[in-house]
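Presented below is the structure to which this report refers.
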Amino acid sequence: MGPRGRERRSGAVQSTNDSSALSKSSLAAHGYVHDPFAALLVPGTARRAPLIHRGYYVRARAVGHCVRAFLERTCAAPGAPRAQVVSLGAGSDSLYFRLKTEGRLTGAAVWEVDFPDVARRKAERIQDTPELCELTGPFQSRDPASVLCFEGADYRLLGLDLRQLPRLDQALAAAGLDAAAPTLLLAEAVLTYLEPNDAAALIAWAAQRFPDALFVIYEQMRPHDAFGQFMQQHFRQLSSPLHGLDRFPDVEAQQHRFLQAGWTDCRAMDMNEFYRCFLSSEECQRVENLEPFDEFEEWHLKCAHYFILAASTGDTLSQSPVFPLSEVFPRVDPASPSGVFPARVVTSDSQGRNLKRYGHASVLLSPSIILSTGGFGEQEGRHCRVSKFHLLSRFCDFEWKGNQICSCGTGALWDGRLYHTMTRLSDTQVLVLGGRLSPVTPALGILQLGVCKSEDNSTEDLNVTVKKAGPEDSTLSCWRHSTTEVSYENQKYLFVYGGRSVVEPVLSDWHFLHMGTMAWVSIPVEGEAPEGRHSHSACSWQGGAVIAGGLGVSEEPLSSVLFLKPSSCGFLWESIVIQPPITPRYSHTAHVLNGKLLLVGGVWIHSSSVPGVTVIDLTTGLSSEYQIDTTCVPWPLMLHNHTSILLPEEQQLLLLGGGGNCFSFGTYFNPHIVTLDLSSLSAGESD
């Protein structure tokens with residue numbers, strides 16, 4: 001890369017600091033962390049979304065955990081040398097000011113390094129802000145050309161390019177850094193912006209230069225799955241591509257990277273593990289209740305694609321790690337794959353008729369017509385709650401065509417709900433239950449949709465009518481629930497289970513809706529009631545319902561598979577024992593095919609692999625795993641918040657929609673409909 005290219009890239013990287021600083025300021029303003037200095041160090045304000053807040057919160061807590069652990073280990077002994085914190089690529093971070101007010105710098109000092117423009121801008125802001133100057137104490141103003149932009153008794157701010165290691169080494173020494181003293185080197189989302197050779201040189205330099213040190217980094221990883229591909233695309237569009245992810249794609253590779261560079265000990269984990277193992281349940285509950293929130297999939301995926309790493313040299317820090325091995329996150333990796341289900345695109349319409357949405361619901365009306373409603377997606381060039389219906393029509397054996405239509409007639413209008421359920425009543429009638437308009441606004445009322453064909457019986461001119469149905473009450477003010485058709489005393493009912501509401505983050509209750517009278521009825525259910533959950537799957541089987549997975553009360557995925565079994569006096573809850581145990585998951589879809597339960601896609605946090613299709617024999621409880629081969633799918637396939645339709649005769653599974661709001665990287669929608677070929681499953685049975 002030439003000088004001009006390096007300058008452009010440096011400018012792009014510096015702009016990420018401005019965005020990050022605004023996010024940290026918003027984080028503090030909304031009560032996630034106590035940081036009165038974040039707003040003083042950045043011009044302007046921005047109100048970030050709850051998902052951004054959570055992401056920056058867990059980052060702040062992970063980095064703060066390492067910093068405090070280092071200071072506690074190095075500043076406790078009387079007469080110990082002054083501990084040193086060196087923040088590389090510090091940007092507008094307020095770490096020094098927070099540590100100073102907490103009284104943690106009585107035996108320590110802070111050095112910060114960033115690009116000269118960033119460092120000078122920060123130095124000027126400190127000098128112009130009395131509240132900050134009061135904490136730094138007397139300081140020396142420096143010539144604009146000086147590397148040392150700000151110098152206080154326990155705080156130095158340097159403007160340097162981290163790629164120029166000889167200058168960095170000399171400038172830090174000139175600024176009073178003692179290489180022999182205990183030193184914490186901190187790099188938050190820094191090394192990944194450096195070329196791999198530059199990052200490797202920095203890691204090796206630090207290991208050789210500081211014999212008693214801790215190097216803490218926070219960075220991205222897992223570049224190859226759908227979320228990782230979209231994440232990389234985002235940073236490429238910002239002209240600040242992520243480097244080294246192919247070479248160091250996971251925590252194991254990152255640990256090996258540091259150990260090979262001369263560090264004595266190294267421990268790393270993704271942010272899901274940190275959140276579960278190093279934060280108290282009380283603190284997690286506090287954070288989870290700060291704002292209305294309903295983006296669990298993207299929260300867990302974001303945490304799965306970032307890690308915190310602490311590498312150490314010297315006996316003191318290596319023998320007392322900041323991440324003790326006693327805190328172990330349970331890993332539940334799926335079994336080795338038993339086979340592969342090939343995936344291919346079945347619609348490639350470029351006229352805007354595709355199903356680019358998530359949080360919707362789909363139902364098979366007839367062998368040749370699929371209706372999808374609601375969700376959040378693309379409509380008329382913008383992202384919004386979708387008001388148009390989507391009809392997928394089969395026009396030959398393996399080809400489908402999509403079409404978007406509006407509701408018609410004088411009845412009720414579609415309210416744009418998402419995370420609702422749909423149940424087929426007939427070839428032309430569908431029942432819609434639950435859903436939400438926003439995380440604080442449930443979609444009240446049961447709706448009945450009618451699909452009307454034109455006079456020539458063409459699927460091109462189908463219309464959908466909307467009318468209210470069922471009892472006028474608030475029994476179903478929930479979303480992310482399930483509805484399953486069950487039978488009792490030769491009558492059909494809808495079994496409505498779980499979900500969440502404005503008041504309850506997780507629901508454990510259930511209701512029965514008589515499909516003939518549209519009235520709520522009471523039917524006895526015996527057995528131990530399962531724990532509450534939402535975003536689970538539910539399938540009809542043998543007159544009852546099979547419930548699988550979901551997200552529990554502590555926002556942790558569940559692995560249980562339950563059967564609401566018909567009995568002589570109602571129903572009975574039974575737990576199905578699965579062997580080998582399956583990875584806990586949620587936001588998946590499910591179907592029963594020939595006595596086997598298929599769990600499709602979803603999100604999990606207990607394994608670093610990508611969810612495929614788990615197949616469970618409901619009679620024996622034996623499970624097997626099938627990978628999804630996306631070689632013929634030319635774009636990332638995100639299998640959460642999607643719907644799926646089983647075509648048993650064709651041994652195919654249609655995957656419709658899916659995606660989500662991927663942290664600060666933007667919103668992703670699967671652009672086309674995909675089919676999975678399940679023929680290998682039946683082939684395995686015949687063997």
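Every chain in the structure tokens has a letter given in the order shown (A, B, ...), and although residue numbers restart at 1 in each chain, ligands are simply numbered from 1 in the order shown.
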
Residues near A:Leu202, cut-off 8 Å, only C-alpha atoms, skip fewer than 3 positions along chain, as a list in words: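 Result of the neighbour search: Leu162, Arg163, Leu165, Asp198, Ala199, Trp205 and Ala206 of chain A.
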
Who sits within 7 Å of stretch 514-526 of chain A, only C-alpha atoms, same chain under 6 positions skipped, as number ranges by chain: A: 470-471, 492-494, 569-573

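With only C-alpha atoms as the atoms that count, the residue of A:Tyr32, A:Thr589, A:Ala60, A:Ala189 with the shortest distance to A:Cys284 is A:Tyr32.
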
For atom CA of A:Val322 and atom CA of A:His65, the interatomic separation in Å (one decimal):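 A separation of 7.8 Å between them.
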
DSSP strand (DSSP E or B) selection over stretch 297-524 of chain A, as a VMD selection string: chain A and resid 306 to 312 337 to 345 357 to 358 361 to 366 369 to 373 376 to 379 382 to 385 389 to 396 399 to 405 407 to 408 418 421 to 424 429 to 433 436 to 438 441 to 442 446 to 452 463 to 469 479 482 to 488 491 to 497 500 510 to 514 519 to 521

Atomic separation - atom CA of A:Ala200 relative to atom CA of A:Ala179, Å: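 Between these atoms lies a distance of 19.4 Å.
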
Which residue of A:Gly402, A:Gly377, A:Gly549, A:Pro337 approaches A:Tyr668 most closely, using only C-alpha atoms: A:Gly377

DSSP-assigned helix (DSSP H, G or I) members of stretch 592-683 of chain A, reported as a ChimeraX atom specification: /A:663-665,679-683

Writing out the chosen residues with N, CA and C atoms as a PDB file, in the first residue's frame:
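Contents of again36.pdb, freshly written:
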ATOM      1  N   PHE A 663     -26.063  -5.529  14.803  1.00  0.00           N
ATOM      2  CA  PHE A 663     -25.297  -4.585  15.617  1.00  0.00           C
ATOM      3  C   PHE A 663     -25.185  -3.263  14.857  1.00  0.00           C
ATOM      4  N   SER A 664     -23.988  -2.669  14.823  1.00  0.00           N
ATOM      5  CA  SER A 664     -23.811  -1.392  14.122  1.00  0.00           C
ATOM      6  C   SER A 664     -23.465  -1.595  12.656  1.00  0.00           C
ATOM      7  N   PHE A 665     -23.504  -2.854  12.183  1.00  0.00           N
ATOM      8  CA  PHE A 665     -23.078  -3.148  10.825  1.00  0.00           C
ATOM      9  C   PHE A 665     -24.197  -2.957   9.808  1.00  0.00           C
ATOM     10  N   SER A 679     -33.381 -35.346   0.780  1.00  0.00           N
ATOM     11  CA  SER A 679     -33.446 -36.725   0.291  1.00  0.00           C
ATOM     12  C   SER A 679     -32.426 -37.631   0.971  1.00  0.00           C
ATOM     13  N   SER A 680     -31.306 -37.081   1.420  1.00  0.00           N
ATOM     14  CA  SER A 680     -30.303 -37.921   2.084  1.00  0.00           C
ATOM     15  C   SER A 680     -30.823 -38.452   3.413  1.00  0.00           C
ATOM     16  N   LEU A 681     -31.806 -37.774   4.001  1.00  0.00           N
ATOM     17  CA  LEU A 681     -32.374 -38.248   5.266  1.00  0.00           C
ATOM     18  C   LEU A 681     -33.144 -39.544   5.053  1.00  0.00           C
ATOM     19  N   SER A 682     -33.977 -39.582   4.032  1.00  0.00           N
ATOM     20  CA  SER A 682     -34.728 -40.802   3.750  1.00  0.00           C
ATOM     21  C   SER A 682     -33.824 -41.888   3.191  1.00  0.00           C
ATOM     22  N   ALA A 683     -32.767 -41.474   2.481  1.00  0.00           N
ATOM     23  CA  ALA A 683     -31.814 -42.461   1.970  1.00  0.00           C
ATOM     24  C   ALA A 683     -31.120 -43.168   3.115  1.00  0.00           C
TER      25      ALA A 683
END

Nearest-residue call for A:Met221, choices A:Pro78, A:Ser608, A:Gly434, A:His256, using only C-alpha atoms: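 Of all the options, A:Ser608 lies closest to A:Met221.
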
d(atom CA of A:Leu462, atom CA of A:Arg344) in Å: 27.1 Å

Residue neighbourhood stretch 476-478 of chain A, 8 Å, only C-alpha atoms, exclusion window fewer than 6 positions, as a ChimeraX atom specification: /A:433-436,442-445,499-502

Prev. selection, N, CA and C atoms, output as a JSON list (two decimals), in the first residue's frame:
[["chain", "number", "residue", "atom", "x", "y", "z"],
["A", 433, "LEU", "N", -52.35, -15.02, 15.38],
["A", 433, "LEU", "CA", -52.41, -14.79, 16.83],
["A", 433, "LEU", "C", -51.14, -14.09, 17.30],
["A", 434, "GLY", "N", -51.33, -13.15, 18.22],
["A", 434, "GLY", "CA", -50.22, -12.50, 18.90],
["A", 434, "GLY", "C", -49.38, -11.64, 17.98],
["A", 435, "GLY", "N", -48.16, -11.35, 18.46],
["A", 435, "GLY", "CA", -47.25, -10.46, 17.74],
["A", 435, "GLY", "C", -47.10, -9.14, 18.45],
["A", 436, "ARG", "N", -46.23, -8.34, 17.92],
["A", 436, "ARG", "CA", -46.01, -7.01, 18.50],
["A", 436, "ARG", "C", -45.83, -5.98, 17.40],
["A", 442, "PRO", "N", -47.83, -4.49, 22.19],
["A", 442, "PRO", "CA", -48.29, -5.76, 21.61],
["A", 442, "PRO", "C", -49.35, -5.53, 20.55],
["A", 443, "ALA", "N", -49.47, -6.47, 19.64],
["A", 443, "ALA", "CA", -50.53, -6.44, 18.63],
["A", 443, "ALA", "C", -51.72, -7.18, 19.20],
["A", 444, "LEU", "N", -52.69, -6.46, 19.66],
["A", 444, "LEU", "CA", -53.85, -7.06, 20.32],
["A", 444, "LEU", "C", -54.85, -7.57, 19.30],
["A", 445, "GLY", "N", -55.54, -8.61, 19.68],
["A", 445, "GLY", "CA", -56.61, -9.13, 18.83],
["A", 445, "GLY", "C", -56.16, -10.23, 17.90],
["A", 499, "GLY", "N", -43.69, -17.47, 24.99],
["A", 499, "GLY", "CA", -43.59, -16.14, 24.43],
["A", 499, "GLY", "C", -43.13, -15.13, 25.45],
["A", 500, "ARG", "N", -43.32, -13.88, 25.13],
["A", 500, "ARG", "CA", -42.99, -12.79, 26.04],
["A", 500, "ARG", "C", -44.00, -11.67, 25.86],
["A", 501, "SER", "N", -44.03, -10.75, 26.83],
["A", 501, "SER", "CA", -44.99, -9.66, 26.78],
["A", 501, "SER", "C", -44.33, -8.39, 27.30],
["A", 502, "VAL", "N", -45.08, -7.33, 27.31],
["A", 502, "VAL", "CA", -44.55, -6.06, 27.83],
["A", 502, "VAL", "C", -44.20, -6.19, 29.30]]

Residue neighbourhood A:Ser146, 12 Å, only C-alpha atoms, exclusion window fewer than 5 positions, as a ChimeraX atom specification: /A:116-117,119-120,140-141,151,157-160,171,174-175

Please produce a file of the residues just selected, as a short mmCIF file (atom, residue, chain, number, x, y, z; two decimals), in the first residue's frame, where the atoms kept are N, CA and C atoms.
data_model
loop_
_atom_site.label_atom_id
_atom_site.label_comp_id
_atom_site.auth_asym_id
_atom_site.auth_seq_id
_atom_site.Cartn_x
_atom_site.Cartn_y
_atom_site.Cartn_z
N PRO A 116 -1.59 11.10 15.53
CA PRO A 116 -1.32 12.47 15.98
C PRO A 116 -2.55 13.37 15.98
N ASP A 117 -3.36 13.32 14.93
CA ASP A 117 -4.55 14.19 14.88
C ASP A 117 -5.52 13.86 16.01
N ALA A 119 -4.80 12.36 18.92
CA ALA A 119 -4.20 12.70 20.21
C ALA A 119 -4.22 14.21 20.45
N ARG A 120 -3.89 15.00 19.43
CA ARG A 120 -3.89 16.46 19.60
C ARG A 120 -5.30 16.97 19.88
N GLN A 140 1.71 20.23 31.26
CA GLN A 140 2.55 21.01 30.37
C GLN A 140 1.96 21.01 28.97
N SER A 141 1.84 22.20 28.41
CA SER A 141 1.41 22.31 27.02
C SER A 141 2.60 22.05 26.11
N GLU A 151 1.02 16.22 29.02
CA GLU A 151 1.83 15.61 30.06
C GLU A 151 1.39 16.11 31.43
N LEU A 157 -0.15 11.70 26.98
CA LEU A 157 -0.89 11.47 25.75
C LEU A 157 0.04 11.69 24.56
N LEU A 158 0.26 10.63 23.77
CA LEU A 158 1.21 10.69 22.68
C LEU A 158 0.52 10.50 21.33
N GLY A 159 0.99 11.26 20.33
CA GLY A 159 0.49 11.15 18.98
C GLY A 159 1.47 10.41 18.10
N LEU A 160 1.19 9.14 17.84
CA LEU A 160 2.12 8.28 17.10
C LEU A 160 1.35 7.26 16.27
N ALA A 171 9.59 7.10 22.01
CA ALA A 171 8.71 8.12 22.56
C ALA A 171 8.16 7.71 23.92
N ALA A 174 10.93 8.15 26.42
CA ALA A 174 11.14 9.58 26.69
C ALA A 174 10.03 10.16 27.54
N ALA A 175 8.83 9.56 27.45
CA ALA A 175 7.69 10.04 28.24
C ALA A 175 7.64 9.39 29.61
#

Pick from A:Arg286, A:His642, A:His300, A:Arg417, whichever lies nearest to A:Val603 using only C-alpha atoms: A:His300

List the neighbours of A:Gly601 out to 8 Å using only C-alpha atoms; skip same-chain residues closer than 3 positions along the sequence, and give me the result as a PDB file with N, CA, C and O atoms, in the first residue's frame.
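This is the output file selection.pdb:
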ATOM      1  N   SER A 587     -34.757 -19.409  18.201  1.00  0.00           N
ATOM      2  CA  SER A 587     -34.997 -18.704  16.932  1.00  0.00           C
ATOM      3  C   SER A 587     -34.798 -19.633  15.734  1.00  0.00           C
ATOM      4  O   SER A 587     -34.392 -19.196  14.664  1.00  0.00           O
ATOM      5  N   HIS A 588     -35.078 -20.903  15.926  1.00  0.00           N
ATOM      6  CA  HIS A 588     -35.016 -21.880  14.858  1.00  0.00           C
ATOM      7  C   HIS A 588     -36.441 -22.184  14.394  1.00  0.00           C
ATOM      8  O   HIS A 588     -37.408 -21.670  14.945  1.00  0.00           O
ATOM      9  N   THR A 589     -36.561 -22.999  13.374  1.00  0.00           N
ATOM     10  CA  THR A 589     -37.864 -23.528  12.981  1.00  0.00           C
ATOM     11  C   THR A 589     -37.819 -25.044  13.128  1.00  0.00           C
ATOM     12  O   THR A 589     -36.742 -25.626  13.305  1.00  0.00           O
ATOM     13  N   PRO A 611     -25.168 -23.445  13.468  1.00  0.00           N
ATOM     14  CA  PRO A 611     -26.301 -24.373  13.506  1.00  0.00           C
ATOM     15  C   PRO A 611     -26.722 -24.806  12.104  1.00  0.00           C
ATOM     16  O   PRO A 611     -26.843 -23.977  11.201  1.00  0.00           O
ATOM     17  N   GLY A 612     -26.926 -26.095  11.944  1.00  0.00           N
ATOM     18  CA  GLY A 612     -27.444 -26.631  10.689  1.00  0.00           C
ATOM     19  C   GLY A 612     -28.832 -27.173  10.924  1.00  0.00           C
ATOM     20  O   GLY A 612     -29.738 -26.434  11.317  1.00  0.00           O
ATOM     21  N   VAL A 613     -29.014 -28.473  10.713  1.00  0.00           N
ATOM     22  CA  VAL A 613     -30.291 -29.130  10.987  1.00  0.00           C
ATOM     23  C   VAL A 613     -30.030 -30.280  11.953  1.00  0.00           C
ATOM     24  O   VAL A 613     -29.240 -31.174  11.657  1.00  0.00           O
ATOM     25  N   LEU A 639     -29.762 -18.047   9.223  1.00  0.00           N
ATOM     26  CA  LEU A 639     -30.917 -18.871   9.568  1.00  0.00           C
ATOM     27  C   LEU A 639     -31.384 -18.593  10.988  1.00  0.00           C
ATOM     28  O   LEU A 639     -31.303 -19.433  11.882  1.00  0.00           O
ATOM     29  N   HIS A 640     -31.858 -17.380  11.201  1.00  0.00           N
ATOM     30  CA  HIS A 640     -32.605 -17.045  12.405  1.00  0.00           C
ATOM     31  C   HIS A 640     -33.649 -16.007  12.006  1.00  0.00           C
ATOM     32  O   HIS A 640     -33.498 -15.317  11.005  1.00  0.00           O
TER      33      HIS A 640
END

Among listed residues A:Leu391, A:Ser560, A:Ala201, A:Val577, nearest A:Ala261 (using only C-alpha atoms):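 Checking each candidate against A:Ala261, we get A:Ala201 as the closest.
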
Selected residue, from A:Ala590, A:Ala83, A:Val466, A:Val42, that lies nearest to A:Ile446 when counting only C-alpha atoms: A:Val466
